[in-house]
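Peer 1: So I've got this file, run_23.cif, and it contains mmCIF, C-alpha atoms:
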```cif
data_target
#
loop_
_atom_site.group_PDB
_atom_site.id
_atom_site.type_symbol
_atom_site.label_atom_id
_atom_site.label_comp_id
_atom_site.auth_asym_id
_atom_site.auth_seq_id
_atom_site.Cartn_x
_atom_site.Cartn_y
_atom_site.Cartn_z
ATOM 1 C CA MET B 1 18.841 17.856 7.038
ATOM 2 C CA SER B 2 17.421 16.353 3.853
ATOM 3 C CA LEU B 3 13.819 15.184 3.745
ATOM 4 C CA GLU B 4 15.033 11.583 3.422
ATOM 5 C CA GLY B 5 17.198 12.019 6.502
ATOM 6 C CA ALA B 6 14.310 13.598 8.392
ATOM 7 C CA ILE B 7 11.996 10.683 7.572
ATOM 8 C CA TYR B 8 14.560 8.121 8.705
ATOM 9 C CA SER B 9 15.098 10.100 11.918
ATOM 10 C CA ILE B 10 11.338 10.327 12.554
ATOM 11 C CA LEU B 11 10.962 6.575 12.137
ATOM 12 C CA THR B 12 14.003 5.508 14.165
ATOM 13 C CA THR B 13 13.243 7.854 17.065
ATOM 14 C CA SER B 14 9.633 6.672 17.408
ATOM 15 C CA SER B 15 9.479 4.527 20.553
ATOM 16 C CA SER B 16 6.274 2.789 19.426
ATOM 17 C CA LEU B 17 7.747 1.877 16.033
ATOM 18 C CA MET B 18 11.079 0.784 17.513
ATOM 19 C CA ALA B 19 9.158 -1.432 19.960
ATOM 20 C CA ALA B 20 7.475 -3.129 16.980
ATOM 21 C CA THR B 21 10.530 -3.416 14.682
ATOM 22 C CA THR B 22 14.050 -2.104 14.239
ATOM 23 C CA ALA B 23 14.289 -3.271 10.614
ATOM 24 C CA ILE B 24 13.751 -0.030 8.674
ATOM 25 C CA TYR B 25 15.083 0.157 5.146
ATOM 26 C CA PRO B 26 15.136 3.253 2.931
ATOM 27 C CA GLY B 27 14.982 1.961 -0.631
ATOM 28 C CA VAL B 28 15.132 -1.815 -0.582
ATOM 29 C CA ARG B 29 15.297 -4.665 1.911
ATOM 30 C CA LYS B 30 18.488 -6.665 1.595
ATOM 31 C CA GLU B 31 18.101 -10.355 0.748
ATOM 32 C CA ASP B 32 20.338 -11.456 3.601
ATOM 33 C CA ASP B 33 18.027 -9.590 6.002
ATOM 34 C CA ALA B 34 14.967 -11.594 4.924
ATOM 35 C CA ALA B 35 14.783 -13.151 8.376
ATOM 36 C CA ALA B 36 14.590 -9.691 9.990
ATOM 37 C CA LEU B 37 10.811 -9.427 10.125
ATOM 38 C CA PRO B 38 8.749 -7.448 10.709
ATOM 39 C CA ALA B 39 10.307 -4.803 8.489
ATOM 40 C CA VAL B 40 9.505 -1.419 6.975
ATOM 41 C CA VAL B 41 10.710 -0.507 3.474
ATOM 42 C CA TYR B 42 10.093 2.911 1.964
ATOM 43 C CA SER B 43 11.104 4.802 -1.143
ATOM 44 C CA ARG B 44 10.348 8.079 -2.836
ATOM 45 C CA VAL B 45 8.098 7.606 -5.848
ATOM 46 C CA GLY B 46 7.537 11.186 -6.959
ATOM 47 C CA GLY B 47 6.892 14.732 -5.921
ATOM 48 C CA ASP B 48 6.625 18.354 -6.909
ATOM 49 C CA ARG B 49 8.363 21.600 -6.055
ATOM 50 C CA VAL B 50 6.308 24.791 -5.960
ATOM 51 C CA TYR B 51 7.503 27.627 -8.170
ATOM 52 C CA THR B 52 6.122 31.139 -8.520
ATOM 53 C CA LEU B 53 7.027 33.907 -10.935
ATOM 54 C CA GLY B 54 9.807 34.779 -8.510
ATOM 55 C CA GLY B 55 11.298 31.265 -8.583
ATOM 56 C CA TYR B 56 11.282 28.379 -6.108
ATOM 57 C CA ALA B 57 8.772 29.092 -3.314
ATOM 58 C CA GLY B 58 10.497 26.901 -0.716
ATOM 59 C CA VAL B 59 7.684 24.314 -0.690
ATOM 60 C CA GLU B 60 8.046 20.712 -1.817
ATOM 61 C CA THR B 61 5.664 17.753 -1.794
ATOM 62 C CA ALA B 62 7.291 14.343 -1.847
ATOM 63 C CA ASN B 63 5.369 11.116 -2.438
ATOM 64 C CA TYR B 64 6.570 7.943 -0.744
ATOM 65 C CA SER B 65 5.572 4.305 -0.852
ATOM 66 C CA PHE B 66 5.754 2.485 2.491
ATOM 67 C CA ASP B 67 5.624 -1.304 2.757
ATOM 68 C CA VAL B 68 5.383 -3.320 5.964
ATOM 69 C CA TYR B 69 6.385 -6.998 5.871
ATOM 70 C CA ALA B 70 5.637 -9.457 8.673
ATOM 71 C CA THR B 71 5.079 -13.133 9.398
ATOM 72 C CA SER B 72 1.615 -12.609 10.888
ATOM 73 C CA VAL B 73 -1.400 -10.395 10.362
ATOM 74 C CA ASP B 74 -1.201 -9.085 13.932
ATOM 75 C CA SER B 75 2.468 -8.155 13.582
ATOM 76 C CA ARG B 76 1.803 -6.462 10.248
ATOM 77 C CA ARG B 77 -1.012 -4.436 11.803
ATOM 78 C CA ALA B 78 1.038 -3.447 14.876
ATOM 79 C CA VAL B 79 3.987 -2.238 12.812
ATOM 80 C CA ALA B 80 1.778 -0.398 10.294
ATOM 81 C CA ASP B 81 -0.160 1.321 13.084
ATOM 82 C CA ALA B 82 3.083 2.387 14.805
ATOM 83 C CA LEU B 83 4.453 3.608 11.461
ATOM 84 C CA VAL B 84 1.380 5.764 10.763
ATOM 85 C CA LEU B 85 1.534 7.144 14.314
ATOM 86 C CA ALA B 86 5.208 8.067 13.883
ATOM 87 C CA LEU B 87 4.580 9.776 10.545
ATOM 88 C CA SER B 88 1.482 11.581 11.808
ATOM 89 C CA SER B 89 3.325 12.883 14.864
ATOM 90 C CA ALA B 90 5.783 14.609 12.496
ATOM 91 C CA ASP B 91 3.014 16.959 11.340
ATOM 92 C CA SER B 92 4.164 20.464 12.259
ATOM 93 C CA SER B 93 4.202 24.035 11.043
ATOM 94 C CA THR B 94 6.868 23.167 8.453
ATOM 95 C CA MET B 95 5.820 19.601 7.577
ATOM 96 C CA SER B 96 2.426 18.189 6.636
ATOM 97 C CA VAL B 97 1.855 14.434 6.315
ATOM 98 C CA VAL B 98 -1.061 12.723 4.528
ATOM 99 C CA VAL B 99 -1.326 8.917 4.679
ATOM 100 C CA ASP B 100 -3.399 7.077 2.056
ATOM 101 C CA ALA B 101 -5.592 4.064 2.781
ATOM 102 C CA PRO B 102 -3.562 0.832 2.920
ATOM 103 C CA THR B 103 -3.709 -2.271 0.766
ATOM 104 C CA ASP B 104 -2.902 -5.708 2.144
ATOM 105 C CA ALA B 105 -1.343 -8.741 0.505
ATOM 106 C CA TYR B 106 0.052 -12.171 1.308
ATOM 107 C CA ASP B 107 2.938 -13.870 -0.528
ATOM 108 C CA ASP B 108 2.504 -17.650 -0.707
ATOM 109 C CA LEU B 109 6.163 -18.181 -1.632
ATOM 110 C CA THR B 110 7.683 -16.296 1.297
ATOM 111 C CA GLY B 111 4.838 -16.580 3.799
ATOM 112 C CA GLU B 112 4.997 -12.828 4.341
ATOM 113 C CA TYR B 113 2.067 -10.546 5.017
ATOM 114 C CA GLN B 114 2.377 -7.095 3.470
ATOM 115 C CA ARG B 115 0.656 -3.758 4.009
ATOM 116 C CA SER B 116 1.381 -0.950 1.539
ATOM 117 C CA PHE B 117 0.337 2.665 1.552
ATOM 118 C CA GLY B 118 1.273 5.953 0.015
ATOM 119 C CA VAL B 119 2.361 8.968 2.013
ATOM 120 C CA SER B 120 2.536 12.569 0.809
ATOM 121 C CA ILE B 121 4.828 14.848 2.776
ATOM 122 C CA THR B 122 4.792 18.575 2.167
ATOM 123 C CA VAL B 123 7.666 20.563 3.621
ATOM 124 C CA ARG B 124 8.233 24.267 3.775
ATOM 125 C CA GLU B 125 11.807 25.423 4.099
ATOM 126 C CA GLU B 126 12.422 27.934 6.847
#
```
Show me this structure written as structure tokens.

Peer 2:
Amino acid sequence: MSLEGAIYSILTTSSSLMAATTAIYPGVRKEDDAAALPAVVYSRVGGDRVYTLGGYAGVETANYSFDVYATSVDSRRAVADALVLALSSADSSTMSVVVDAPTDAYDDLTGEYQRSFGVSITVREE
């Protein structure tokens, strides 16, 4: 399974996250789904593969941006907390997850509260 597929699976199988929202979008949130809040949107923003003199070492670090959108501060917090819990629970012998400190925002035009944070995921192929 690809890393992107693994992340989506981790998020959609988390009971705490699914209790807070089922609107999870890899890449971009569709305009016609604007009413589906709270929502989680994530995308890959960079990364590195580890190489040695012998070639690819089977280790990759991928950097992701996660954004939570909601209509209230409490909802934003609940979804973000459930999201971090889901990602942190994925930490294993082949996957390491580091979550950066969040930043919060409010959009006057849409009335949406947003929490954004970066996540670094390092995977080791078996």

Peer 1: Do you know which residues are at most 9 Å from stretch 67-74 of chain B counting only C-alpha atoms, after dropping those on the same chain fewer than 5 positions away, and could you put them as a ChimeraX atom specification?

Peer 2: /B:37-42,79-80,83,111-118

Peer 1: Using the chain letters and numbering of this document, enumerate as an MDAnalysis selection string the residues selected by the PyMOL selection byres ((chain B and resi 89) around 12).

Peer 2: chainID B and resid 7 10:11 13:17 82:88 90:93 95:99

Peer 1: Using Å and a single decimal, report how far atom CA of B:Arg44 sits from atom CA of B:Thr21.

Peer 2: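 Between atom CA of B:Thr21 and atom CA of B:Arg44 the gap works out to 21.0 Å.
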
Peer 1: In Å, with one decimal, what is the gap from atom CA of B:Val59 to atom CA of B:Val123?

Peer 2: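 We find that atom CA of B:Val59 and atom CA of B:Val123 lie 5.7 Å from each other.
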
Peer 1: So what do you get for atom CA of B:Glu4 versus atom CA of B:Thr52, distance-wise?

Peer 2: 24.6 Å

Peer 1: From the list B:Ser120, B:Ala36, B:Leu3, B:Glu125, which residue is nearest B:Phe66 when using all atoms listed in the file?

Peer 2: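 Comparing B:Ser120, B:Ala36, B:Leu3, B:Glu125 against B:Phe66, the winner is B:Ser120.
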
Peer 1: Name the closest residue to B:Thr122 among the candidates B:Asp81, B:Asp104, B:Glu60, B:Asp48; distances are taken between atoms, counting all atoms listed in the file.

Peer 2: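 Ranking B:Asp81, B:Asp104, B:Glu60, B:Asp48 by distance to B:Thr122, first place goes to B:Glu60.
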
Peer 1: Take stretch 71-83 of chain B, bring it up to N, CA and C atoms, and give me the output as a compact mmCIF listing (two decimals), in the frame of the given file.

Peer 2:
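What ended up in part-v1.txt:
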```txt
# COMPACT_ATOMS: atom_id res chain seq x y z
N THR B 71 5.41 -11.71 9.49
CA THR B 71 5.08 -13.13 9.40
C THR B 71 3.68 -13.43 9.92
N SER B 72 2.99 -12.41 10.43
CA SER B 72 1.62 -12.61 10.89
C SER B 72 0.80 -11.35 10.63
N VAL B 73 -0.50 -11.52 10.58
CA VAL B 73 -1.40 -10.40 10.36
C VAL B 73 -1.31 -9.42 11.54
N ASP B 74 -1.27 -9.95 12.75
CA ASP B 74 -1.20 -9.09 13.93
C ASP B 74 0.07 -8.26 13.96
N SER B 75 1.20 -8.87 13.62
CA SER B 75 2.47 -8.15 13.58
C SER B 75 2.45 -7.08 12.50
N ARG B 76 1.91 -7.44 11.34
CA ARG B 76 1.80 -6.46 10.25
C ARG B 76 0.98 -5.26 10.69
N ARG B 77 -0.13 -5.51 11.35
CA ARG B 77 -1.01 -4.44 11.80
C ARG B 77 -0.32 -3.57 12.85
N ALA B 78 0.36 -4.20 13.81
CA ALA B 78 1.04 -3.45 14.88
C ALA B 78 2.12 -2.53 14.32
N VAL B 79 2.92 -3.05 13.40
CA VAL B 79 3.99 -2.24 12.81
C VAL B 79 3.39 -1.11 11.96
N ALA B 80 2.40 -1.42 11.15
CA ALA B 80 1.78 -0.40 10.29
C ALA B 80 1.13 0.70 11.14
N ASP B 81 0.46 0.32 12.21
CA ASP B 81 -0.16 1.32 13.08
C ASP B 81 0.90 2.21 13.73
N ALA B 82 1.99 1.61 14.19
CA ALA B 82 3.08 2.39 14.80
C ALA B 82 3.75 3.30 13.77
N LEU B 83 3.86 2.82 12.54
CA LEU B 83 4.45 3.61 11.46
C LEU B 83 3.59 4.84 11.16
```
